[in-house]
$ cat model24.txt   # compact mmCIF, C-alpha atoms
# COMPACT_ATOMS: atom_id res chain seq x y z
CA MET S 1 25.47 -4.54 -74.43
CA SER S 2 22.05 -4.89 -72.85
CA ASP S 3 22.92 -7.66 -70.37
CA ARG S 4 25.10 -6.00 -67.73
CA THR S 5 25.19 -8.89 -65.26
CA LEU S 6 28.61 -10.01 -64.03
CA GLU S 7 27.88 -13.42 -65.51
CA ALA S 8 27.28 -11.98 -68.97
CA LEU S 9 30.40 -9.82 -68.70
CA GLY S 10 32.57 -12.77 -67.68
CA LEU S 11 33.24 -11.24 -64.25
CA ALA S 12 31.18 -13.47 -61.96
CA GLU S 13 33.91 -15.68 -60.43
CA ALA S 14 35.53 -14.33 -57.26
CA PRO S 15 39.12 -15.22 -56.28
CA CYS S 16 37.94 -16.00 -52.75
CA ASP S 17 36.09 -18.98 -54.27
CA HIS S 18 38.59 -19.73 -57.05
CA PRO S 19 42.06 -18.78 -55.75
CA LEU S 20 43.94 -19.75 -58.91
CA LEU S 21 41.94 -17.10 -60.77
CA TYR S 22 43.40 -14.36 -58.54
CA PRO S 23 43.21 -11.38 -58.97
CA GLY S 24 39.96 -12.17 -60.74
CA GLY S 25 38.43 -10.55 -63.79
CA TRP S 26 38.71 -6.78 -64.05
CA PRO S 27 36.17 -4.74 -66.02
CA ALA S 28 37.09 -3.45 -69.45
CA ASP S 29 36.02 0.05 -68.45
CA SER S 30 34.57 2.13 -65.64
CA GLY S 31 31.21 1.10 -64.21
CA LEU S 32 28.86 1.12 -61.25
CA LEU S 33 28.82 -2.18 -59.36
CA ASP S 34 25.20 -2.56 -58.31
CA GLY S 35 24.51 -5.99 -56.90
CA ASP S 36 25.02 -8.50 -59.71
CA ARG S 37 25.32 -5.84 -62.43
CA LEU S 38 28.01 -3.47 -63.68
CA LEU S 39 26.17 -0.43 -64.99
CA PRO S 40 27.38 2.65 -66.89
CA LEU S 41 28.59 5.56 -64.74
CA ASP S 42 27.16 9.06 -64.97
CA ARG S 43 30.37 10.65 -63.64
CA LEU S 44 33.94 9.66 -62.77
CA VAL S 45 34.55 11.71 -59.60
CA HIS S 46 32.50 11.11 -56.44
CA ALA S 47 33.54 13.80 -53.98
CA ASP S 48 31.39 12.40 -51.15
CA ARG S 49 33.28 9.08 -51.22
CA ALA S 50 36.84 7.93 -50.51
CA PRO S 51 38.97 7.07 -53.58
CA VAL S 52 40.75 3.75 -53.03
CA LEU S 53 43.24 2.47 -55.59
CA ALA S 54 42.85 -1.26 -56.33
CA VAL S 55 45.88 -3.27 -57.45
CA GLY S 56 44.60 -6.81 -56.84
CA SER S 57 41.27 -8.50 -56.28
CA ASN S 58 39.61 -5.30 -55.06
CA ALA S 59 39.36 -4.44 -58.77
CA SER S 60 37.33 -7.63 -59.29
CA PRO S 61 33.61 -6.83 -59.14
CA ALA S 62 32.86 -10.37 -57.97
CA GLN S 63 35.33 -10.07 -55.09
CA LEU S 64 33.93 -6.69 -54.05
CA ARG S 65 30.39 -8.05 -54.24
CA HIS S 66 31.41 -10.98 -52.03
CA LYS S 67 33.08 -8.73 -49.44
CA MET S 68 30.05 -6.48 -49.18
CA ALA S 69 27.61 -9.39 -49.03
CA GLU S 70 29.40 -10.82 -45.99
CA TYR S 71 28.28 -7.74 -44.05
CA GLY S 72 24.94 -7.23 -45.74
CA ILE S 73 26.06 -4.13 -47.66
CA VAL S 74 24.07 -3.65 -50.87
CA SER S 75 24.85 -0.03 -51.84
CA PRO S 76 26.46 0.47 -55.29
CA ILE S 77 30.21 1.04 -55.77
CA PRO S 78 31.62 3.24 -58.54
CA MET S 79 34.67 1.60 -60.16
CA VAL S 80 36.67 4.05 -62.28
CA ARG S 81 39.47 3.11 -64.62
CA ALA S 82 42.50 5.36 -64.18
CA ARG S 83 45.97 5.92 -65.60
CA VAL S 84 48.32 5.74 -62.62
CA SER S 85 51.95 6.87 -62.64
CA GLY S 86 54.45 5.92 -59.93
CA ILE S 87 52.86 2.64 -58.77
CA ASP S 88 53.30 -0.95 -59.94
CA ILE S 89 51.79 -4.26 -58.88
CA GLY S 90 54.07 -6.32 -56.64
CA VAL S 91 53.63 -9.55 -54.65
CA SER S 92 52.60 -9.59 -51.02
CA ALA S 93 55.09 -11.23 -48.67
CA HIS S 94 52.37 -13.23 -46.96
CA VAL S 95 50.22 -16.26 -47.71
CA SER S 96 46.52 -15.44 -47.59
CA ARG S 97 44.17 -17.72 -45.73
CA LEU S 98 42.02 -17.56 -48.88
CA GLY S 99 44.61 -19.76 -50.57
CA TYR S 100 46.64 -17.38 -52.67
CA VAL S 101 49.59 -14.99 -52.56
CA SER S 102 48.05 -11.62 -53.25
CA ALA S 103 49.16 -8.45 -55.01
CA SER S 104 50.52 -5.37 -53.25
CA PRO S 105 51.35 -1.90 -54.56
CA VAL S 106 55.01 -0.95 -54.90
CA GLU S 107 56.66 2.35 -55.61
CA ALA S 108 57.81 2.51 -59.24
CA ALA S 109 59.03 5.88 -60.49
CA GLY S 110 58.16 6.38 -64.14
CA ARG S 111 55.89 3.32 -64.34
CA VAL S 112 52.40 3.85 -65.75
CA ARG S 113 49.61 1.33 -65.15
CA GLU S 114 45.90 1.13 -65.90
CA LEU S 115 44.28 0.51 -62.52
CA PHE S 116 40.89 1.05 -60.89
CA VAL S 117 39.82 3.61 -58.34
CA THR S 118 36.94 2.32 -56.22
CA TRP S 119 34.93 5.15 -54.68
CA LEU S 120 33.76 3.85 -51.29
CA ASP S 121 31.27 5.38 -48.90
CA ALA S 122 31.99 5.27 -45.17
CA GLU S 123 30.23 1.94 -44.65
CA GLN S 124 31.93 0.28 -47.62
CA LEU S 125 35.33 1.59 -46.55
CA VAL S 126 34.94 -0.02 -43.14
CA VAL S 127 34.17 -3.35 -44.83
CA VAL S 128 37.21 -3.24 -47.12
CA ASP S 129 39.41 -2.14 -44.20
CA ALA S 130 38.21 -5.19 -42.29
CA SER S 131 38.87 -7.51 -45.23
CA GLU S 132 42.46 -6.25 -45.39
CA GLY S 133 43.03 -6.32 -41.62
CA ALA S 134 43.79 -2.60 -41.80
CA HIS S 135 42.27 -1.87 -38.39
CA LEU S 136 44.31 -4.56 -36.63
CA ALA S 137 47.80 -3.97 -35.23
CA ALA S 138 48.88 -7.33 -36.68
CA GLY S 139 46.77 -7.10 -39.85
CA ASN S 140 48.28 -7.79 -43.26
CA TYR S 141 47.71 -4.30 -44.67
CA ARG S 142 47.63 -0.67 -43.63
CA ARG S 143 45.56 1.87 -45.53
CA ALA S 144 47.71 4.77 -46.68
CA TRP S 145 47.04 8.04 -48.50
CA LEU S 146 49.15 8.48 -51.65
CA PRO S 147 49.30 12.18 -52.51
CA ALA S 148 49.84 13.87 -55.83
CA PRO S 149 52.24 14.67 -57.36
CA GLU S 150 54.25 11.74 -55.96
CA VAL S 151 51.63 9.48 -57.52
CA ARG S 152 49.60 10.76 -60.45
CA ILE S 153 46.09 9.37 -60.94
CA GLU S 154 44.43 10.59 -64.14
CA LEU S 155 40.87 9.69 -65.15
CA ALA S 156 39.55 9.25 -68.69
CA ASP S 157 38.17 12.80 -68.81
CA GLY S 158 41.57 14.26 -67.92
CA THR S 159 40.81 14.84 -64.25
CA ALA S 160 43.87 14.37 -62.03
CA LEU S 161 43.01 13.30 -58.50
CA PRO S 162 44.77 14.94 -55.52
CA GLY S 163 45.58 11.45 -54.28
CA ALA S 164 43.98 8.17 -53.27
CA PHE S 165 44.12 5.56 -50.55
CA VAL S 166 45.89 2.26 -51.13
CA TYR S 167 46.54 -0.81 -48.96
CA VAL S 168 50.26 -1.21 -48.17
CA ASN S 169 51.42 -4.65 -47.07
CA ARG S 170 52.91 -4.58 -43.58
CA HIS S 171 54.96 -7.72 -44.34
CA GLY S 172 56.69 -6.10 -47.31
CA VAL S 173 56.76 -7.60 -50.80
CA LEU S 174 58.68 -10.36 -52.55
CA HIS S 175 61.73 -9.40 -54.60
CA ASP S 176 62.91 -10.69 -57.98
CA GLY S 177 66.34 -11.93 -56.88
CA THR S 178 68.06 -8.59 -57.44
CA GLY S 179 66.41 -6.88 -54.49
CA ALA S 180 63.80 -5.10 -56.61
CA PRO S 181 60.11 -5.93 -56.07
CA ARG S 182 58.92 -8.67 -58.37
CA GLY S 183 55.79 -8.27 -60.45
CA HIS S 184 52.66 -10.37 -60.00
CA PRO S 185 52.21 -12.54 -63.12
CA GLY S 186 48.91 -14.10 -62.03
CA GLN S 187 48.35 -16.75 -59.40
CA ARG S 188 49.14 -19.96 -61.23
CA ALA S 189 52.36 -18.62 -62.74
CA LEU S 190 53.42 -17.06 -59.44
CA LEU S 191 52.85 -20.18 -57.35
CA THR S 192 54.62 -22.32 -59.94
CA GLU S 193 57.68 -20.04 -59.77
CA LEU S 194 57.69 -19.89 -55.97
CA LEU S 195 57.34 -23.65 -55.54
CA VAL S 196 60.09 -24.42 -58.05
CA GLY S 197 62.39 -22.02 -56.24
CA SER S 198 61.93 -23.27 -52.67
CA ALA S 199 62.15 -26.84 -51.39
CA ARG S 200 60.90 -25.72 -47.98
CA LEU S 201 57.84 -24.13 -49.56
CA ARG S 202 57.12 -27.40 -51.37
CA GLU S 203 57.37 -29.27 -48.07
CA LEU S 204 54.70 -27.03 -46.61
CA PHE S 205 52.34 -26.56 -49.54
CA GLY S 206 52.97 -29.34 -52.06
CA VAL S 207 54.42 -29.24 -55.54
CA THR S 208 51.57 -27.80 -57.63
CA PRO S 209 49.56 -24.57 -57.47
CA GLU S 210 46.43 -26.65 -56.84
CA GLU S 211 48.02 -28.28 -53.79
CA PHE S 212 49.24 -24.92 -52.54
CA CYS S 213 45.77 -23.37 -52.68
CA ALA S 214 44.07 -26.37 -51.10
CA ARG S 215 46.52 -26.62 -48.19
CA ALA S 216 46.55 -22.86 -47.54
CA ARG S 217 42.74 -22.65 -47.43
CA ALA S 218 42.57 -25.53 -45.00
CA ASP S 219 45.16 -24.37 -42.47
CA HIS S 220 45.58 -20.82 -41.18
CA GLU S 221 48.65 -21.78 -39.15
CA LEU S 222 50.24 -23.12 -42.32
CA CYS S 223 49.67 -19.72 -43.94
CA ARG S 224 51.53 -18.09 -41.05
CA GLN S 225 54.39 -20.56 -41.51
CA GLY S 226 54.54 -19.72 -45.21
CA THR S 227 54.67 -16.02 -44.40
CA ARG S 228 57.56 -16.59 -41.97
CA LEU S 229 59.33 -18.73 -44.56
CA PHE S 230 59.40 -15.85 -47.04
CA LYS S 231 61.40 -13.84 -44.50
CA GLU S 232 63.59 -16.74 -43.44
CA GLU S 233 64.59 -17.38 -47.05
CA LYS S 234 65.32 -13.66 -47.50
CA LEU S 235 62.76 -13.25 -50.26
CA VAL S 236 61.28 -10.03 -48.85
CA THR S 237 61.98 -6.38 -49.58
CA ALA S 238 60.23 -3.07 -48.88
CA SER S 239 57.47 -1.80 -51.14
CA GLY S 240 58.76 1.77 -50.97
CA LEU S 241 55.33 2.93 -49.80
CA GLU S 242 55.82 2.37 -46.08
CA ARG S 243 56.42 6.08 -45.43
CA TYR S 244 52.92 6.88 -46.66
CA ALA S 245 51.37 4.31 -44.34
CA ASP S 246 53.36 5.71 -41.40
CA ALA S 247 52.34 9.27 -42.27
CA THR S 248 48.67 8.31 -42.55
CA ALA S 249 48.80 6.55 -39.18
CA GLN S 250 50.41 9.58 -37.52
CA GLN S 251 47.84 11.98 -38.97
CA THR S 252 44.65 10.01 -38.41
CA GLY S 253 45.41 7.11 -36.08
CA ARG S 254 45.66 3.54 -37.32
CA PRO S 255 43.61 2.97 -40.48
CA GLY S 256 40.07 1.92 -39.68
CA THR S 257 40.16 3.04 -36.06
CA GLY S 258 36.85 4.26 -34.79
CA SER S 259 34.10 2.50 -36.70
CA SER S 260 35.52 -0.89 -37.65
CA LEU S 261 34.57 -4.49 -38.20
CA SER S 262 36.26 -7.75 -37.43
CA PRO S 263 37.29 -9.89 -40.42
CA PRO S 264 34.64 -12.50 -41.24
CA LEU S 265 35.40 -15.98 -39.97
CA ARG S 266 36.54 -18.39 -42.67
$ encode --input "model24.txt" --output "structure tokens"
Amino acid sequence: MSDRTLEALGLAEAPCDHPLLYPGGWPADSGLLDGDRLLPLDRLVHADRAPVLAVGSNASPAQLRHKMAEYGIVSPIPMVRARVSGIDIGVSAHVSRLGYVSASPVEAAGRVRELFVTWLDAEQLVVVDASEGAHLAAGNYRRAWLPAPEVRIELADGTALPGAFVYVNRHGVLHDGTGAPRGHPGQRALLTELLVGSARLRELFGVTPEEFCARARADHELCRQGTRLFKEEKLVTASGLERYADATAQQTGRPGTGSSLSPPLR
């Protein structure tokens, strides 16, 4: 198609502005996010950039555009569709101050998913680290290196990457009632299920997904209470990826140390 704007592609709405749309629209195929456009890519591997696996809204061009704009970053971002084995999409065990309960990667032997690898330059990586709180001791995520062959990441041309970074939730993930990580069905369905299952959560956030989002966005302390409630009600389990985050921290220092940014005020 000739019109490659995010609006024309149906990818213009960011979850940070519309939390019930989380994780936002993902592209149908690989592309180069350049401002308000998603252009064709001339290659899939960008050796001068860091490969970062996106499992949630970081695969939404609109969300990435918003994150970069907050810091005045305008350089393009290659977004490459990949076939990923060994990882699934779970549910973060924390309530985001943006008004949603986000996705987190979980270890899943034998599972194959179509995900996106975002190839970030040093400046862009610092911005995404900041948005995930990866450089903070009490941040929600830690950036971890997932090596092959434990996780296989295969691109459309058959290239298998030696690994990629991913953001591991330091709070853990929500389980499905059996102790196994639950999948993320989309924001509206997830919040409906969580609210039906917890009277205490309804007391804090209301009885509808709309109420949940509105209250969470208006009250950061309430988000912290919701995060504690997940643990108090024994809804939390490990993602299985914690060992990679610990190994990355031991090898390189805490993710984002050195050049780092503070999260934007909201």
$ residues_around --input "model24.txt" --residues "Glu107 in chain S" --least-positions-apart "4" --cutoff "8 Å" --atoms "only C-alpha atoms" --output "list in words"
Gly86, Ile87, Asp88, Ser239, Gly240 and Leu241 of chain S
$ closest_residue --input "model24.txt" --among "S:Ala134, S:Glu154, S:Leu33, S:Ala122" --to "His66 in chain S" --atoms "all atoms listed in the file"
S:Leu33
$ atom_distance --input "model24.txt" --atom1 "CA of Pro149 in chain S" --atom2 "CA of Ala82 in chain S"
15.1 Å
$ closest_residue --input "model24.txt" --among "S:Gly172, S:Gly110, S:Pro15, S:Pro76" --to "Leu41 in chain S" --atoms "all atoms listed in the file"
S:Pro76
$ residues_near_point --input "model24.txt" --point "(31.0, -8.7, -64.7)" --cutoff "12 Å" --atoms "all atoms listed in the file" --output "mmCIF file with C-alpha atoms, in the coordinates of the input"
data_model
loop_
_atom_site.group_PDB
_atom_site.id
_atom_site.type_symbol
_atom_site.label_atom_id
_atom_site.label_comp_id
_atom_site.auth_asym_id
_atom_site.auth_seq_id
_atom_site.Cartn_x
_atom_site.Cartn_y
_atom_site.Cartn_z
ATOM 1 C CA MET S 1 25.470 -4.540 -74.430
ATOM 2 C CA ASP S 3 22.920 -7.660 -70.370
ATOM 3 C CA ARG S 4 25.100 -6.000 -67.730
ATOM 4 C CA THR S 5 25.190 -8.890 -65.260
ATOM 5 C CA LEU S 6 28.610 -10.010 -64.030
ATOM 6 C CA GLU S 7 27.880 -13.420 -65.510
ATOM 7 C CA ALA S 8 27.280 -11.980 -68.970
ATOM 8 C CA LEU S 9 30.400 -9.820 -68.700
ATOM 9 C CA GLY S 10 32.570 -12.770 -67.680
ATOM 10 C CA LEU S 11 33.240 -11.240 -64.250
ATOM 11 C CA ALA S 12 31.180 -13.470 -61.960
ATOM 12 C CA GLU S 13 33.910 -15.680 -60.430
ATOM 13 C CA ALA S 14 35.530 -14.330 -57.260
ATOM 14 C CA GLY S 24 39.960 -12.170 -60.740
ATOM 15 C CA GLY S 25 38.430 -10.550 -63.790
ATOM 16 C CA TRP S 26 38.710 -6.780 -64.050
ATOM 17 C CA PRO S 27 36.170 -4.740 -66.020
ATOM 18 C CA ALA S 28 37.090 -3.450 -69.450
ATOM 19 C CA ASP S 29 36.020 0.050 -68.450
ATOM 20 C CA SER S 30 34.570 2.130 -65.640
ATOM 21 C CA GLY S 31 31.210 1.100 -64.210
ATOM 22 C CA LEU S 32 28.860 1.120 -61.250
ATOM 23 C CA LEU S 33 28.820 -2.180 -59.360
ATOM 24 C CA ASP S 34 25.200 -2.560 -58.310
ATOM 25 C CA GLY S 35 24.510 -5.990 -56.900
ATOM 26 C CA ASP S 36 25.020 -8.500 -59.710
ATOM 27 C CA ARG S 37 25.320 -5.840 -62.430
ATOM 28 C CA LEU S 38 28.010 -3.470 -63.680
ATOM 29 C CA LEU S 39 26.170 -0.430 -64.990
ATOM 30 C CA ALA S 59 39.360 -4.440 -58.770
ATOM 31 C CA SER S 60 37.330 -7.630 -59.290
ATOM 32 C CA PRO S 61 33.610 -6.830 -59.140
ATOM 33 C CA ALA S 62 32.860 -10.370 -57.970
ATOM 34 C CA GLN S 63 35.330 -10.070 -55.090
ATOM 35 C CA LEU S 64 33.930 -6.690 -54.050
ATOM 36 C CA ARG S 65 30.390 -8.050 -54.240
ATOM 37 C CA MET S 79 34.670 1.600 -60.160
#
$ atom_distance --input "model24.txt" --atom1 "CA of Pro23 in chain S" --atom2 "CA of Ser57 in chain S"
4.4 Å
$ closest_residue --input "model24.txt" --among "S:Asp48, S:Arg188, S:Ser131, S:Leu161" --to "Glu70 in chain S" --atoms "all atoms listed in the file"
S:Ser131
$ closest_residue --input "model24.txt" --among "S:Leu191, S:Val52, S:Ala245, S:Cys16" --to "Ala164 in chain S" --atoms "only C-alpha atoms"
S:Val52
$ closest_residue --input "model24.txt" --among "S:Ala50, S:Val173, S:Cys213, S:Leu229" --to "Arg143 in chain S" --atoms "only C-alpha atoms"
S:Ala50
$ closest_residue --input "model24.txt" --among "S:Leu53, S:Leu174, S:Leu195, S:Val117" --to "His94 in chain S" --atoms "only C-alpha atoms"
S:Leu174
$ residues_around --input "model24.txt" --residues "Arg83 in chain S" --least-positions-apart "2" --cutoff "6 Å" --atoms "all atoms listed in the file" --output "list in words"
Arg113, Glu114, Ile153 and Glu154 of chain S
$ residues_around --input "model24.txt" --residues "Arg217 in chain S" --least-positions-apart "2" --cutoff "9 Å" --atoms "all atoms listed in the file" --output "PyMOL selection string"
chain S and resi 96-100+212-215+219-220+223+266
$ atom_distance --input "model24.txt" --atom1 "CA of Ala108 in chain S" --atom2 "CA of Asn140 in chain S"
21.3 Å
$ residues_around --input "model24.txt" --residues "Arg200 in chain S" --least-positions-apart "3" --cutoff "10 Å" --atoms "all atoms listed in the file" --output "NGL selection string"
:S and (195 or 197 or 203-206 or 226 or 229 or 233)
$ residues_around --input "model24.txt" --residues "Ala54 in chain S" --least-positions-apart "4" --cutoff "7 Å" --atoms "only C-alpha atoms" --output "ChimeraX atom specification"
/S:58-59,115-118,166
$ decode --input "model24.txt" --residues "range 156-178 of chain S" --atoms "N, CA, C and O atoms" --output "PDB file, in the first residue's frame"
ATOM      1  N   ALA S 156      12.393 -14.335   9.233  1.00  0.00           N
ATOM      2  CA  ALA S 156      11.696 -14.830   8.044  1.00  0.00           C
ATOM      3  C   ALA S 156      12.637 -15.390   6.991  1.00  0.00           C
ATOM      4  O   ALA S 156      12.245 -16.259   6.206  1.00  0.00           O
ATOM      5  N   ASP S 157      13.899 -14.912   6.966  1.00  0.00           N
ATOM      6  CA  ASP S 157      14.849 -15.408   5.974  1.00  0.00           C
ATOM      7  C   ASP S 157      15.601 -16.645   6.459  1.00  0.00           C
ATOM      8  O   ASP S 157      16.530 -17.106   5.796  1.00  0.00           O
ATOM      9  N   GLY S 158      15.213 -17.168   7.622  1.00  0.00           N
ATOM     10  CA  GLY S 158      15.858 -18.353   8.162  1.00  0.00           C
ATOM     11  C   GLY S 158      16.977 -18.074   9.137  1.00  0.00           C
ATOM     12  O   GLY S 158      17.494 -19.003   9.770  1.00  0.00           O
ATOM     13  N   THR S 159      17.365 -16.817   9.294  1.00  0.00           N
ATOM     14  CA  THR S 159      18.414 -16.460  10.242  1.00  0.00           C
ATOM     15  C   THR S 159      17.979 -16.764  11.674  1.00  0.00           C
ATOM     16  O   THR S 159      16.877 -16.390  12.083  1.00  0.00           O
ATOM     17  N   ALA S 160      18.832 -17.443  12.422  1.00  0.00           N
ATOM     18  CA  ALA S 160      18.585 -17.702  13.841  1.00  0.00           C
ATOM     19  C   ALA S 160      19.501 -16.784  14.650  1.00  0.00           C
ATOM     20  O   ALA S 160      20.724 -16.831  14.497  1.00  0.00           O
ATOM     21  N   LEU S 161      18.913 -15.971  15.487  1.00  0.00           N
ATOM     22  CA  LEU S 161      19.710 -15.042  16.282  1.00  0.00           C
ATOM     23  C   LEU S 161      20.416 -15.774  17.424  1.00  0.00           C
ATOM     24  O   LEU S 161      19.900 -16.777  17.940  1.00  0.00           O
ATOM     25  N   PRO S 162      21.578 -15.273  17.856  1.00  0.00           N
ATOM     26  CA  PRO S 162      22.281 -15.891  18.992  1.00  0.00           C
ATOM     27  C   PRO S 162      21.613 -15.613  20.327  1.00  0.00           C
ATOM     28  O   PRO S 162      22.008 -16.163  21.351  1.00  0.00           O
ATOM     29  N   GLY S 163      20.602 -14.774  20.310  1.00  0.00           N
ATOM     30  CA  GLY S 163      19.872 -14.419  21.523  1.00  0.00           C
ATOM     31  C   GLY S 163      19.249 -13.051  21.358  1.00  0.00           C
ATOM     32  O   GLY S 163      19.326 -12.433  20.289  1.00  0.00           O
ATOM     33  N   ALA S 164      18.604 -12.584  22.408  1.00  0.00           N
ATOM     34  CA  ALA S 164      18.000 -11.255  22.399  1.00  0.00           C
ATOM     35  C   ALA S 164      17.750 -10.835  23.834  1.00  0.00           C
ATOM     36  O   ALA S 164      17.658 -11.670  24.739  1.00  0.00           O
ATOM     37  N   PHE S 165      17.623  -9.546  24.038  1.00  0.00           N
ATOM     38  CA  PHE S 165      17.221  -9.025  25.337  1.00  0.00           C
ATOM     39  C   PHE S 165      15.700  -9.135  25.484  1.00  0.00           C
ATOM     40  O   PHE S 165      14.955  -9.148  24.500  1.00  0.00           O
ATOM     41  N   VAL S 166      15.257  -9.212  26.730  1.00  0.00           N
ATOM     42  CA  VAL S 166      13.841  -9.167  27.036  1.00  0.00           C
ATOM     43  C   VAL S 166      13.696  -8.555  28.425  1.00  0.00           C
ATOM     44  O   VAL S 166      14.637  -8.593  29.227  1.00  0.00           O
ATOM     45  N   TYR S 167      12.534  -7.982  28.717  1.00  0.00           N
ATOM     46  CA  TYR S 167      12.294  -7.371  30.023  1.00  0.00           C
ATOM     47  C   TYR S 167      11.537  -8.350  30.910  1.00  0.00           C
ATOM     48  O   TYR S 167      10.403  -8.728  30.619  1.00  0.00           O
ATOM     49  N   VAL S 168      12.199  -8.784  31.991  1.00  0.00           N
ATOM     50  CA  VAL S 168      11.647  -9.763  32.928  1.00  0.00           C
ATOM     51  C   VAL S 168      11.049  -9.019  34.113  1.00  0.00           C
ATOM     52  O   VAL S 168      11.698  -8.160  34.722  1.00  0.00           O
ATOM     53  N   ASN S 169       9.818  -9.362  34.466  1.00  0.00           N
ATOM     54  CA  ASN S 169       9.142  -8.652  35.550  1.00  0.00           C
ATOM     55  C   ASN S 169       9.722  -9.047  36.904  1.00  0.00           C
ATOM     56  O   ASN S 169       9.783 -10.227  37.237  1.00  0.00           O
ATOM     57  N   ARG S 170      10.139  -8.069  37.683  1.00  0.00           N
ATOM     58  CA  ARG S 170      10.737  -8.361  38.981  1.00  0.00           C
ATOM     59  C   ARG S 170       9.688  -8.728  40.036  1.00  0.00           C
ATOM     60  O   ARG S 170      10.028  -9.252  41.093  1.00  0.00           O
ATOM     61  N   HIS S 171       8.405  -8.491  39.737  1.00  0.00           N
ATOM     62  CA  HIS S 171       7.330  -8.874  40.656  1.00  0.00           C
ATOM     63  C   HIS S 171       6.872 -10.308  40.427  1.00  0.00           C
ATOM     64  O   HIS S 171       6.088 -10.836  41.218  1.00  0.00           O
ATOM     65  N   GLY S 172       7.314 -10.943  39.362  1.00  0.00           N
ATOM     66  CA  GLY S 172       6.782 -12.229  38.953  1.00  0.00           C
ATOM     67  C   GLY S 172       5.603 -12.046  38.018  1.00  0.00           C
ATOM     68  O   GLY S 172       5.344 -10.951  37.500  1.00  0.00           O
ATOM     69  N   VAL S 173       4.857 -13.120  37.797  1.00  0.00           N
ATOM     70  CA  VAL S 173       3.703 -13.087  36.903  1.00  0.00           C
ATOM     71  C   VAL S 173       2.507 -13.731  37.596  1.00  0.00           C
ATOM     72  O   VAL S 173       2.659 -14.444  38.588  1.00  0.00           O
ATOM     73  N   LEU S 174       1.323 -13.494  37.079  1.00  0.00           N
ATOM     74  CA  LEU S 174       0.122 -14.088  37.646  1.00  0.00           C
ATOM     75  C   LEU S 174      -0.036 -15.528  37.149  1.00  0.00           C
ATOM     76  O   LEU S 174       0.302 -15.826  36.001  1.00  0.00           O
ATOM     77  N   HIS S 175      -0.541 -16.400  38.025  1.00  0.00           N
ATOM     78  CA  HIS S 175      -0.744 -17.785  37.617  1.00  0.00           C
ATOM     79  C   HIS S 175      -2.214 -18.038  37.287  1.00  0.00           C
ATOM     80  O   HIS S 175      -3.092 -17.207  37.531  1.00  0.00           O
ATOM     81  N   ASP S 176      -2.475 -19.234  36.738  1.00  0.00           N
ATOM     82  CA  ASP S 176      -3.811 -19.559  36.236  1.00  0.00           C
ATOM     83  C   ASP S 176      -4.663 -20.343  37.226  1.00  0.00           C
ATOM     84  O   ASP S 176      -5.729 -20.851  36.878  1.00  0.00           O
ATOM     85  N   GLY S 177      -4.203 -20.449  38.477  1.00  0.00           N
ATOM     86  CA  GLY S 177      -4.935 -21.221  39.479  1.00  0.00           C
ATOM     87  C   GLY S 177      -4.317 -22.571  39.739  1.00  0.00           C
ATOM     88  O   GLY S 177      -4.560 -23.179  40.782  1.00  0.00           O
ATOM     89  N   THR S 178      -3.495 -23.037  38.808  1.00  0.00           N
ATOM     90  CA  THR S 178      -2.801 -24.323  38.988  1.00  0.00           C
ATOM     91  C   THR S 178      -1.340 -24.109  39.359  1.00  0.00           C
ATOM     92  O   THR S 178      -0.619 -25.079  39.578  1.00  0.00           O
TER      93      THR S 178
END
